[in-house]
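Pasted below: entry_8.cif, mmCIF, C-alpha atoms and all ligand atoms.
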```
data_data
#
loop_
_atom_site.label_atom_id
_atom_site.label_comp_id
_atom_site.auth_asym_id
_atom_site.auth_seq_id
_atom_site.Cartn_x
_atom_site.Cartn_y
_atom_site.Cartn_z
CA MET V 174 79.16 91.53 109.24
CA PRO V 175 80.39 89.56 106.26
CA ILE V 176 82.68 91.47 103.92
CA GLN V 177 80.98 92.71 100.76
CA VAL V 178 83.31 92.56 97.77
CA GLU V 179 81.48 95.53 96.22
CA ASP V 180 82.81 97.76 99.00
CA TYR V 181 86.34 97.07 97.76
CA PHE V 182 86.27 96.21 94.05
CA PRO V 183 84.10 96.76 91.02
CA ARG V 184 82.32 93.41 90.56
CA GLU V 185 83.86 92.66 87.22
CA THR V 186 87.41 93.43 88.36
CA PHE V 187 86.96 91.04 91.25
CA GLN V 188 85.50 88.36 89.00
CA ARG V 189 88.42 88.65 86.61
CA MET V 190 90.91 88.35 89.48
CA LYS V 191 89.02 85.45 91.02
CA ALA V 192 88.84 83.58 87.71
CA PHE V 193 92.62 83.88 87.52
CA ALA V 194 92.99 82.90 91.17
CA ASP V 195 90.88 79.78 90.68
CA GLN V 196 93.57 78.39 88.37
CA HIS V 197 96.39 78.68 90.91
CA GLU V 198 97.51 76.96 94.09
CA THR V 199 97.45 79.13 97.19
CA PRO V 200 98.99 81.12 98.70
CA PHE V 201 99.67 84.05 96.39
CA VAL V 202 98.81 87.69 95.81
CA VAL V 203 97.10 88.70 92.63
CA ILE V 204 97.38 92.36 91.72
CA ASP V 205 95.26 94.25 89.23
CA LYS V 206 97.44 96.82 87.47
CA GLN V 207 94.48 98.82 86.19
CA THR V 208 93.45 99.51 89.79
CA ILE V 209 96.92 100.96 90.43
CA ALA V 210 96.75 103.05 87.26
CA ASN V 211 93.36 104.39 88.37
CA ALA V 212 94.69 105.21 91.84
CA TYR V 213 97.62 107.10 90.30
CA ASP V 214 95.29 109.07 88.01
CA GLN V 215 93.01 109.86 90.92
CA LEU V 216 95.92 111.19 92.96
CA VAL V 217 97.05 113.38 90.05
CA THR V 218 93.49 114.72 89.69
CA CYS V 219 93.29 115.44 93.41
CA PHE V 220 96.70 117.12 93.60
CA PRO V 221 97.28 118.46 90.07
CA PHE V 222 100.23 120.62 91.16
CA ALA V 223 102.13 117.87 93.03
CA LYS V 224 105.05 115.75 91.88
CA ILE V 225 104.50 112.12 92.78
CA TYR V 226 107.39 110.02 94.09
CA TYR V 227 106.21 106.42 94.46
CA ALA V 228 107.52 104.89 97.71
CA VAL V 229 109.01 101.76 96.19
CA LYS V 230 109.09 99.87 99.48
CA ALA V 231 105.30 99.43 99.35
CA ASN V 232 105.71 96.98 96.50
CA PRO V 233 108.94 96.86 94.50
CA ALA V 234 107.65 94.64 91.66
CA VAL V 235 109.04 95.56 88.22
CA GLU V 236 105.49 95.44 86.86
CA ILE V 237 104.60 98.34 89.15
CA ILE V 238 107.83 100.23 88.56
CA ASP V 239 107.17 100.02 84.80
CA LEU V 240 103.53 101.02 85.05
CA LEU V 241 104.35 104.11 87.10
CA ARG V 242 107.36 104.95 84.93
CA ASP V 243 105.07 105.15 81.91
CA LYS V 244 102.66 107.34 83.86
CA GLY V 245 105.45 109.81 84.58
CA SER V 246 105.94 109.03 88.26
CA ASN V 247 109.10 109.69 90.21
CA TYR V 248 110.44 107.32 92.86
CA ASP V 249 111.23 107.52 96.55
CA ILE V 250 114.05 105.05 97.10
CA ALA V 251 115.41 103.69 100.36
CA SER V 252 118.45 101.57 99.39
CA ILE V 253 121.02 100.91 96.69
CA TYR V 254 119.12 97.74 95.84
CA GLU V 255 115.90 99.56 95.15
CA LEU V 256 117.94 102.10 93.18
CA ASP V 257 119.50 99.46 90.92
CA LYS V 258 116.12 97.88 90.34
CA VAL V 259 114.44 101.13 89.33
CA LEU V 260 117.35 102.30 87.14
CA LYS V 261 117.32 98.93 85.37
CA GLN V 262 113.73 99.62 84.35
CA GLY V 263 114.93 102.69 82.45
CA VAL V 264 114.02 105.34 85.00
CA SER V 265 116.41 108.29 84.87
CA ALA V 266 118.22 109.44 88.02
CA ASP V 267 116.55 112.85 87.98
CA ARG V 268 113.27 111.10 88.82
CA ILE V 269 114.67 109.60 92.00
CA SER V 270 115.11 110.80 95.56
CA TYR V 271 117.04 109.04 98.29
CA GLY V 272 114.39 109.30 100.99
CA ASN V 273 115.94 107.17 103.70
CA THR V 274 117.53 109.24 106.46
CA ILE V 275 119.56 106.24 107.62
CA LYS V 276 122.26 105.47 105.12
CA LYS V 277 125.91 104.59 104.73
CA SER V 278 128.30 107.11 103.30
CA LYS V 279 129.30 104.70 100.54
CA ASP V 280 125.65 104.26 99.58
CA ILE V 281 125.21 108.03 99.31
CA ARG V 282 128.22 108.02 96.98
CA TYR V 283 126.65 105.23 94.93
CA PHE V 284 123.45 107.25 94.48
CA TYR V 285 125.51 110.31 93.53
CA GLU V 286 127.53 108.37 90.96
CA LYS V 287 124.30 107.11 89.42
CA GLY V 288 123.14 110.72 89.07
CA VAL V 289 120.78 111.19 92.02
CA ARG V 290 120.88 114.75 93.40
CA LEU V 291 117.99 114.82 95.88
CA PHE V 292 118.55 113.55 99.43
CA ALA V 293 116.57 113.41 102.67
CA THR V 294 118.26 113.91 106.00
CA ASP V 295 117.41 114.41 109.66
CA SER V 296 120.77 114.49 111.42
CA GLU V 297 124.06 116.33 111.32
CA ALA V 298 126.17 113.22 110.80
CA ASP V 299 124.12 112.17 107.79
CA LEU V 300 124.15 115.72 106.39
CA ARG V 301 127.94 115.84 106.60
CA ASN V 302 128.11 112.49 104.83
CA ILE V 303 125.90 113.84 102.06
CA ALA V 304 128.08 116.95 101.72
CA LYS V 305 131.16 114.76 101.24
CA ALA V 306 129.72 111.94 99.15
CA ALA V 307 127.19 113.92 97.09
CA PRO V 308 128.59 117.46 96.90
CA GLY V 309 126.31 120.23 95.72
CA SER V 310 123.16 118.11 95.95
CA LYS V 311 119.73 119.28 97.05
CA VAL V 312 118.79 118.25 100.57
CA TYR V 313 115.51 118.33 102.42
CA VAL V 314 115.13 117.81 106.14
CA ARG V 315 112.56 115.47 107.58
CA LEU V 316 110.49 116.79 110.45
CA LEU V 317 109.18 114.75 113.33
CA THR V 318 105.41 114.73 113.22
CA GLU V 319 102.66 113.87 115.64
CA GLY V 320 99.78 111.63 114.71
CA SER V 321 101.05 108.23 115.72
CA THR V 322 97.83 107.38 117.55
CA THR V 323 95.64 107.95 114.52
CA ALA V 324 97.93 106.27 111.99
CA ASP V 325 97.43 102.52 111.76
CA TRP V 326 101.10 102.04 110.85
CA PRO V 327 102.99 104.97 112.44
CA LEU V 328 106.36 106.04 111.06
CA SER V 329 107.15 108.34 113.93
CA ARG V 330 110.00 108.54 116.48
CA LYS V 331 112.55 106.78 114.32
CA PHE V 332 112.48 109.41 111.58
CA GLY V 333 112.69 113.15 111.57
CA CYS V 334 113.96 115.87 113.86
CA GLN V 335 112.44 118.79 115.74
CA THR V 336 111.88 122.19 114.14
CA ASP V 337 114.91 123.89 115.69
CA MET V 338 117.24 121.16 114.51
CA ALA V 339 115.66 121.18 111.05
CA MET V 340 116.59 124.85 110.74
CA ASP V 341 120.11 124.27 112.04
CA LEU V 342 120.60 121.51 109.49
CA LEU V 343 119.40 123.61 106.57
CA ILE V 344 121.76 126.42 107.58
CA LEU V 345 124.60 123.93 107.89
CA ALA V 346 123.68 122.45 104.52
CA ARG V 347 124.34 125.81 102.88
CA GLN V 348 127.67 126.15 104.71
CA LEU V 349 128.64 122.70 103.46
CA GLY V 350 127.97 123.65 99.86
CA LEU V 351 124.70 121.77 99.55
CA VAL V 352 121.42 123.26 98.35
CA PRO V 353 118.99 123.64 101.30
CA TYR V 354 115.95 122.69 99.26
CA GLY V 355 112.98 121.95 101.48
CA ILE V 356 111.22 120.13 104.27
CA SER V 357 109.62 116.72 104.39
CA PHE V 358 107.36 114.94 106.81
CA HIS V 359 105.40 111.72 106.95
CA VAL V 360 102.30 111.85 109.13
CA GLY V 361 102.22 108.05 109.55
CA SER V 362 100.96 105.42 107.19
CA GLN V 363 97.20 104.84 106.89
CA GLN V 364 96.69 108.15 108.68
CA ARG V 365 93.00 108.50 109.53
CA ASP V 366 93.16 112.02 111.00
CA ILE V 367 93.49 114.58 108.22
CA GLY V 368 94.12 117.32 110.79
CA VAL V 369 97.61 115.95 111.34
CA TRP V 370 98.65 117.42 107.97
CA ASP V 371 97.49 120.85 109.18
CA ALA V 372 99.84 120.75 112.16
CA ALA V 373 102.74 119.54 110.01
CA ILE V 374 102.21 122.16 107.31
CA ALA V 375 102.04 124.88 109.98
CA LYS V 376 105.45 123.80 111.31
CA VAL V 377 106.86 123.86 107.78
CA LYS V 378 105.53 127.37 107.29
CA VAL V 379 107.37 128.58 110.39
CA ILE V 380 110.61 127.09 109.11
CA PHE V 381 110.18 128.61 105.64
CA GLU V 382 109.59 132.08 107.12
CA ARG V 383 112.27 132.05 109.75
CA LEU V 384 114.97 130.76 107.44
CA LYS V 385 114.09 133.40 104.88
CA GLU V 386 113.98 136.29 107.34
CA GLU V 387 116.85 135.36 109.60
CA ASP V 388 119.23 133.57 107.25
CA GLY V 389 118.23 134.52 103.73
CA ILE V 390 117.58 130.89 102.86
CA VAL V 391 114.66 130.48 100.47
CA LEU V 392 113.31 126.96 100.60
CA LYS V 393 111.61 125.67 97.47
CA MET V 394 109.90 122.42 98.29
CA ILE V 395 107.57 120.62 100.73
CA ASN V 396 107.57 116.85 100.63
CA MET V 397 104.34 115.74 102.29
CA GLY V 398 105.23 112.06 102.31
CA GLY V 399 102.63 109.31 102.23
CA GLY V 400 99.93 108.42 104.74
CA PHE V 401 96.99 108.44 102.34
CA PRO V 402 94.51 105.67 103.03
CA ALA V 403 93.79 102.28 101.56
CA ASN V 404 90.47 100.47 102.06
CA TYR V 405 90.64 98.27 105.11
CA ILE V 406 87.95 97.35 107.62
CA THR V 407 88.32 100.61 109.56
CA LYS V 408 86.82 103.20 107.25
CA THR V 409 88.51 106.44 106.27
CA ASN V 410 87.54 109.55 104.39
CA SER V 411 87.85 109.47 100.61
CA LEU V 412 91.05 110.63 98.94
CA GLU V 413 89.08 113.59 97.55
CA THR V 414 88.31 114.72 101.09
CA TYR V 415 91.94 114.32 102.11
CA ALA V 416 93.00 116.40 99.12
CA GLU V 417 90.43 119.17 99.67
CA GLU V 418 91.45 119.54 103.28
CA ILE V 419 95.18 119.33 102.74
CA ILE V 420 95.05 121.84 99.89
CA ARG V 421 93.07 124.15 102.15
CA PHE V 422 95.78 123.83 104.85
CA LEU V 423 98.47 124.57 102.28
CA LYS V 424 96.67 127.65 100.96
CA GLU V 425 96.00 128.95 104.48
CA ASP V 426 99.71 128.92 105.17
CA PHE V 427 101.28 129.56 101.77
CA GLY V 428 98.56 131.38 99.80
CA ASP V 429 98.23 130.72 96.09
CA ASP V 430 101.96 130.80 95.48
CA LEU V 431 102.70 127.27 96.66
CA PRO V 432 106.23 125.92 96.79
CA GLU V 433 107.00 122.74 94.83
CA ILE V 434 104.91 119.99 96.44
CA ILE V 435 106.05 116.38 96.51
CA LEU V 436 103.89 113.41 97.53
CA GLU V 437 105.29 109.97 98.28
CA PRO V 438 102.38 107.57 98.17
CA GLY V 439 102.93 103.87 98.73
CA ARG V 440 99.95 102.20 100.37
CA SER V 441 97.21 104.34 98.82
CA LEU V 442 98.44 103.62 95.28
CA ILE V 443 98.93 99.88 95.56
CA ALA V 444 97.10 98.26 98.47
CA ASN V 445 93.59 98.25 97.03
CA ALA V 446 94.81 96.50 93.88
CA GLY V 447 95.77 93.26 95.61
CA ILE V 448 94.05 90.12 96.84
CA LEU V 449 96.01 87.63 98.89
CA VAL V 450 94.44 84.26 98.19
CA SER V 451 94.83 81.67 100.91
CA GLU V 452 93.38 78.37 101.97
CA VAL V 453 92.16 77.07 105.32
CA VAL V 454 94.64 74.45 106.56
CA LEU V 455 92.89 73.53 109.78
CA VAL V 456 89.95 74.52 111.95
CA SER V 457 90.09 73.51 115.60
CA ARG V 458 89.05 74.20 119.17
CA LYS V 459 91.33 74.09 122.19
CA SER V 460 88.99 72.06 124.39
CA ARG V 461 85.76 70.15 124.12
CA THR V 462 83.80 73.12 125.47
CA ALA V 463 85.85 76.00 124.06
CA VAL V 464 83.64 78.55 122.36
CA GLU V 465 86.45 79.90 120.26
CA ARG V 466 87.38 78.32 116.97
CA TRP V 467 90.87 78.68 115.57
CA VAL V 468 91.20 79.02 111.83
CA PHE V 469 94.68 78.31 110.51
CA THR V 470 95.46 79.51 107.00
CA ASP V 471 98.36 78.87 104.64
CA VAL V 472 99.44 82.51 105.00
CA GLY V 473 100.55 84.33 108.11
CA LYS V 474 102.73 86.99 109.61
CA PHE V 475 105.77 85.57 107.84
CA SER V 476 104.20 85.23 104.42
CA GLY V 477 103.04 88.75 103.79
CA LEU V 478 100.79 89.65 106.71
CA ILE V 479 103.33 91.31 109.00
CA GLU V 480 101.13 94.41 109.16
CA THR V 481 98.75 92.40 111.34
CA MET V 482 101.41 92.93 114.03
CA ASP V 483 99.52 94.25 117.09
CA GLU V 484 96.51 93.77 114.80
CA ALA V 485 97.40 97.17 113.36
CA ILE V 486 95.99 96.70 109.88
CA LYS V 487 92.65 94.95 109.68
CA PHE V 488 92.41 93.42 106.26
CA PRO V 489 88.95 92.63 104.93
CA ILE V 490 88.63 88.86 104.53
CA TRP V 491 86.10 87.49 102.08
CA THR V 492 84.97 83.92 101.64
CA GLU V 493 82.51 82.24 99.31
CA LYS V 494 80.86 80.41 102.20
CA LYS V 495 77.79 82.16 103.52
CA GLY V 496 75.54 81.60 106.48
CA GLU V 497 75.77 81.91 110.22
CA MET V 498 78.90 83.64 111.43
CA GLU V 499 81.06 82.89 114.41
CA GLU V 500 83.94 84.76 115.98
CA VAL V 501 87.28 83.11 115.31
CA VAL V 502 90.98 83.46 115.96
CA ILE V 503 92.92 83.56 112.70
CA ALA V 504 96.49 82.28 112.64
CA GLY V 505 99.22 81.35 110.18
CA PRO V 506 100.83 78.02 109.36
CA THR V 507 104.29 78.37 110.93
CA CYS V 508 105.75 76.98 114.16
CA ASP V 509 105.89 80.40 115.80
CA SER V 510 103.27 81.47 118.30
CA ALA V 511 103.67 85.07 117.14
CA ASP V 512 102.11 83.89 113.91
CA ILE V 513 98.58 84.84 114.94
CA MET V 514 96.94 87.54 112.87
CA TYR V 515 93.74 88.32 114.76
CA GLU V 516 92.88 87.26 118.26
CA HIS V 517 91.67 90.37 120.11
CA TYR V 518 89.87 91.83 117.15
CA LYS V 519 87.27 89.16 116.61
CA TYR V 520 86.67 88.32 113.01
CA GLY V 521 83.42 86.69 112.11
CA LEU V 522 83.74 83.83 109.64
CA PRO V 523 80.99 81.43 108.60
CA LEU V 524 80.44 78.43 110.87
CA ASN V 525 80.51 76.10 107.90
CA LEU V 526 83.99 77.27 106.86
CA ALA V 527 86.01 74.12 106.37
CA ILE V 528 89.49 72.85 105.60
CA GLY V 529 90.39 73.61 102.00
CA ASP V 530 88.08 76.63 101.70
CA ARG V 531 89.65 79.76 100.35
CA LEU V 532 89.99 83.04 102.22
CA TYR V 533 90.51 86.17 100.13
CA TRP V 534 92.40 88.92 101.94
CA LEU V 535 91.43 92.14 100.19
CA SER V 536 93.54 95.32 99.94
CA THR V 537 96.79 93.38 100.22
CA GLY V 538 98.74 94.85 97.29
CA ALA V 539 101.08 96.93 99.47
CA TYR V 540 103.50 95.88 102.20
CA THR V 541 102.88 92.17 101.71
CA THR V 542 105.17 90.63 99.08
CA SER V 543 108.19 92.67 100.13
CA TYR V 544 107.69 91.78 103.80
CA SER V 545 107.38 88.04 103.24
CA ALA V 546 110.11 85.87 104.80
CA ILE V 547 112.26 83.93 102.36
CA GLU V 548 112.47 80.59 104.12
CA PHE V 549 110.95 80.54 107.59
CA ASN V 550 109.94 76.93 108.32
CA GLY V 551 110.92 76.27 104.73
CA PHE V 552 107.91 78.11 103.33
CA PRO V 553 108.82 79.91 100.09
CA PRO V 554 108.35 83.66 99.69
CA LEU V 555 104.87 84.83 98.80
CA LYS V 556 104.13 84.48 95.09
CA ALA V 557 102.63 87.39 93.22
CA PHE V 558 100.87 87.72 89.87
CA TYR V 559 100.28 91.01 88.09
CA LEU V 560 97.26 91.10 85.79
C1 LIG K 1 107.05 104.35 103.62
C2 LIG K 1 107.26 105.73 103.16
C3 LIG K 1 106.33 106.35 102.33
C4 LIG K 1 105.03 105.68 101.92
O1 LIG K 1 104.04 105.84 102.88
P1 LIG K 1 102.56 105.30 102.66
O2 LIG K 1 101.87 105.63 103.92
O3 LIG K 1 102.64 103.85 102.37
O4 LIG K 1 101.97 106.03 101.50
C5 LIG K 1 106.59 107.62 101.89
N1 LIG K 1 107.73 108.27 102.23
C6 LIG K 1 108.65 107.71 103.02
C7 LIG K 1 109.88 108.46 103.35
C8 LIG K 1 108.45 106.44 103.51
O5 LIG K 1 109.37 105.88 104.31
#
```
When written as C-alpha cells, how does the structure in this file appear?
Amino acid sequence: MPIQVEDYFPRETFQRMKAFADQHETPFVVIDKQTIANAYDQLVTCFPFAKIYYAVKANPAVEIIDLLRDKGSNYDIASIYELDKVLKQGVSADRISYGNTIKKSKDIRYFYEKGVRLFATDSEADLRNIAKAAPGSKVYVRLLTEGSTTADWPLSRKFGCQTDMAMDLLILARQLGLVPYGISFHVGSQQRDIGVWDAAIAKVKVIFERLKEEDGIVLKMINMGGGFPANYITKTNSLETYAEEIIRFLKEDFGDDLPEIILEPGRSLIANAGILVSEVVLVSRKSRTAVERWVFTDVGKFSGLIETMDEAIKFPIWTEKKGEMEEVVIAGPTCDSADIMYEHYKYGLPLNLAIGDRLYWLSTGAYTTSYSAIEFNGFPPLKAFYL
C-alpha cells in the first residue's frame, strides 16, 4: 500500500514543509516546530499532573531546546556536552536531571557545580561516586524492565537493576547522605504494549511500600521514562489511550494520592515533526532475470537512518510517483554493505520510480540528526532545517 501523507500530517503542514523542501538540495531533514509544540501540549493534556523532562538525545537542536524551554519543559540530560548546550540556552539547573546511569565521577562533579541536584543511578559504584561528587543530591534508581520484545527500540539489559538491588541502593543512598528520592524505569522506546507499564508500576509500588515499612524511607517520585509512540508503519494506540491506561495502572497501585510523576519523552515529542528528504541515486537489478530491484538513496544508515538497524523502525516513505508498485530493497549511498535499510521487510515503491526522484521519509524528527556520522565516506552530517 502506498503511504498516504494524510495519515501522518495535516495536508497543509505537509504542503508547507514540501514547498520549503523543494528549494533545497537533498539530503536533509525538515522539522515543523508547531508539530512539536502540539505534541508537547497533547502530552500535558494527557498527563496534567506529570513533570516533563525532554530526553535531549532524541534531537539536541537548539531550536527544540528553546521551544521546550518556553513551554516550561525540563530536560533529561546524558552528558556534560548536552548539559552545556541546554544551559547555554538559558535553562536553569533545577530543570535538569542527569539521567545517564553510566557516568564519570568528574562529570558528576561538573553537573553538581553547574547546580544539578537530581541524578539517576543503577549501581553501587555509581551511587558512591554521586555521594562524593554531588553530596546531598536527590537520587533515583532505575529499574530493569521487561518489554523488549514489544518495543521497537528496546533500552533494556544495559540499564537498570533488579528490585532487590534497587532497594539496597536507596538504603545506601541515605547512609551516604544523599536523598533517596524515587524510582525510574524505561519500558523501551516505541513501546507498543501498554501493559508493560502496568508491570513496571507494580514493581515500583512494592519498592515504595517495603522501603517505607522496613526502613522508614519515604520515596517521593516515579520517573516513568519515555517509550511513548511515534507514527511509523506499524500502528500503535493513540497517546490518549496510553495515558488512560497508564493513569489507571497508577491509580490502582497508588490511589488518588500519586507521588510526583516524571515523564521523559523523546521520540513521541519530536519524531512526527520531521521529514527526511532524499533522492534516488540509482535503481538497479543484480542480474538480467532478478525480480528484485534495488533502490539506492542519498541517505542511509550513516546519515540518520541508524534506527533501520535490524529493520527495527519502519519509517513511512512517500513519493510523488504513483502507479503500479513493486517490492524493492532500499539501501544507502556508502561503501558499506551494512548500509541497507530494508531488505527483509519488503517496501513497495512505484515501478516508474527513477533516478533523481525524491523519497520523503516521514516521522524522522527524532534519532536521526544526532545519529548521523560526521564524515563516513566523506559524506557530511545530515543537514536539518527547523520551520
Ligand atoms: C532515550 C531515553 C528517553 C527517551 O525515550 P523515548 O522512547 O525516545 O521517548 C527517556 N529516558 C531515558 C533515560 C532515555 O535514555
Practice task
Find the distance between atom CA of V:Ile448 and atom CA of V:Leu260 and write it in Å to one decimal.
Solution key: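 These atoms are spaced 28.0 Å apart.
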Practice task
Mind listing whatever residues come within 7 Å of the point (89.3, 86.6, 116.8)? Use all atoms listed in the file, file coordinates, and give them as JSON, numbers by chain.
Solution key: {"V": [500, 501, 502, 503, 515, 516, 517, 518, 519, 520]}
Practice task
Would you mind listing what lies within 7 Å of V:Asn445 as a PyMOL selection string, with only C-alpha atoms counted and same-chain residues fewer than 4 positions away left out?
Solution key: chain V and resi 403-404+536-538
Exercise for the section: Determine, counting all atoms listed in the file, every residue of protein, DNA or RNA that lies within 10 Å of (109.3, 111.9, 115.3) in the file coordinates, then give the result as a list in words. Expected result: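 Output: Arg315, Leu316, Leu317, Thr318, Glu319, Gly320, Ser321, Pro327, Leu328, Ser329, Arg330, Lys331, Phe332, Gly333, Cys334, Gln335, Phe358, His359, Val360 and Gly361 of chain V.
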Exercise for the section: Using only C-alpha atoms, determine which residues lie at most 12 Å from V:Ala228, disregarding the query and same-chain residues fewer than 3 positions distant; provide the list as a ChimeraX atom specification. Expected result: /V:225,231-234,237-238,241,246-252,255-256,259,269-273,359,362,398-400,435-443,539-540
Please, could you write that set of residues out with C-alpha atoms as a compact mmCIF listing (two decimals), in the coordinates of the input?
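The result, stored in result-v2.txt:
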```txt
# COMPACT_ATOMS: atom_id res chain seq x y z
CA ILE V 225 104.50 112.12 92.78
CA ALA V 231 105.30 99.43 99.35
CA ASN V 232 105.71 96.98 96.50
CA PRO V 233 108.94 96.86 94.50
CA ALA V 234 107.65 94.64 91.66
CA ILE V 237 104.60 98.34 89.15
CA ILE V 238 107.83 100.23 88.56
CA LEU V 241 104.35 104.11 87.10
CA SER V 246 105.94 109.03 88.26
CA ASN V 247 109.10 109.69 90.21
CA TYR V 248 110.44 107.32 92.86
CA ASP V 249 111.23 107.52 96.55
CA ILE V 250 114.05 105.05 97.10
CA ALA V 251 115.41 103.69 100.36
CA SER V 252 118.45 101.57 99.39
CA GLU V 255 115.90 99.56 95.15
CA LEU V 256 117.94 102.10 93.18
CA VAL V 259 114.44 101.13 89.33
CA ILE V 269 114.67 109.60 92.00
CA SER V 270 115.11 110.80 95.56
CA TYR V 271 117.04 109.04 98.29
CA GLY V 272 114.39 109.30 100.99
CA ASN V 273 115.94 107.17 103.70
CA HIS V 359 105.40 111.72 106.95
CA SER V 362 100.96 105.42 107.19
CA GLY V 398 105.23 112.06 102.31
CA GLY V 399 102.63 109.31 102.23
CA GLY V 400 99.93 108.42 104.74
CA ILE V 435 106.05 116.38 96.51
CA LEU V 436 103.89 113.41 97.53
CA GLU V 437 105.29 109.97 98.28
CA PRO V 438 102.38 107.57 98.17
CA GLY V 439 102.93 103.87 98.73
CA ARG V 440 99.95 102.20 100.37
CA SER V 441 97.21 104.34 98.82
CA LEU V 442 98.44 103.62 95.28
CA ILE V 443 98.93 99.88 95.56
CA ALA V 539 101.08 96.93 99.47
CA TYR V 540 103.50 95.88 102.20
```
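Minimum distance to V:Ala416 across V:Leu384, V:Ala266, V:Ala212, V:Cys219 (counting all atoms listed in the file) occurs at V:Cys219.
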Handout entry: Top pick for closest residue to ligand LIG 1 (chain K), considering V:Gln215, V:Asn550, V:Ser310, V:Thr294 and counting only C-alpha atoms and all ligand atoms
Key = V:Thr294
Around all of ligand LIG 1 (chain K)'s listed atoms, make the axis-aligned box with 5 Å on each side and tell me centre and edge lengths in Å to one decimal, as lines of an AutoDock Vina configuration file.
```
center_x = 105.9
center_y = 106.2
center_z = 102.9
size_x = 18.0
size_y = 14.6
size_z = 12.8
```
Problem - Selected residue of minimal separation from ligand LIG 1 (chain K) among V:Asp430, V:Glu286, V:Glu480, V:Glu386, counting only C-alpha atoms and all ligand atoms - result: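 Checking each candidate against ligand LIG 1 (chain K), we get V:Glu480 as the closest.
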Practice task
May I ask which of the residues V:Ser451, V:Thr208, V:Gln364, V:Thr407 is the closest one to ligand LIG 1 (chain K), counting all atoms listed in the file?
Solution key: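 Nearest candidate to ligand LIG 1 (chain K) out of V:Ser451, V:Thr208, V:Gln364, V:Thr407: V:Gln364.
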Problem - Selection near V:Tyr354, 7 Å with all atoms listed in the file, sequence-local residues under 4 positions removed, as a list of chain:residue names - result: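 After dropping sequence-adjacent residues, the list is V:Lys311, V:Val312, V:Tyr313, V:Leu392, V:Lys393, V:Met394.
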C-alpha atoms of the current selection, written as a PDB file, in the coordinates of the input:
```
ATOM      1  CA  LYS V 311     119.730 119.280  97.050  1.00  0.00           C
ATOM      2  CA  VAL V 312     118.790 118.250 100.570  1.00  0.00           C
ATOM      3  CA  TYR V 313     115.510 118.330 102.420  1.00  0.00           C
ATOM      4  CA  LEU V 392     113.310 126.960 100.600  1.00  0.00           C
ATOM      5  CA  LYS V 393     111.610 125.670  97.470  1.00  0.00           C
ATOM      6  CA  MET V 394     109.900 122.420  98.290  1.00  0.00           C
TER       7      MET V 394
END
```
Handout entry: Atomic distance atom CA of V:Pro506 - atom CA of V:Gly521, expressed in Å with one decimal
Key =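 If I compute the distance from atom CA of V:Pro506 to atom CA of V:Gly521, I get 19.6 Å.
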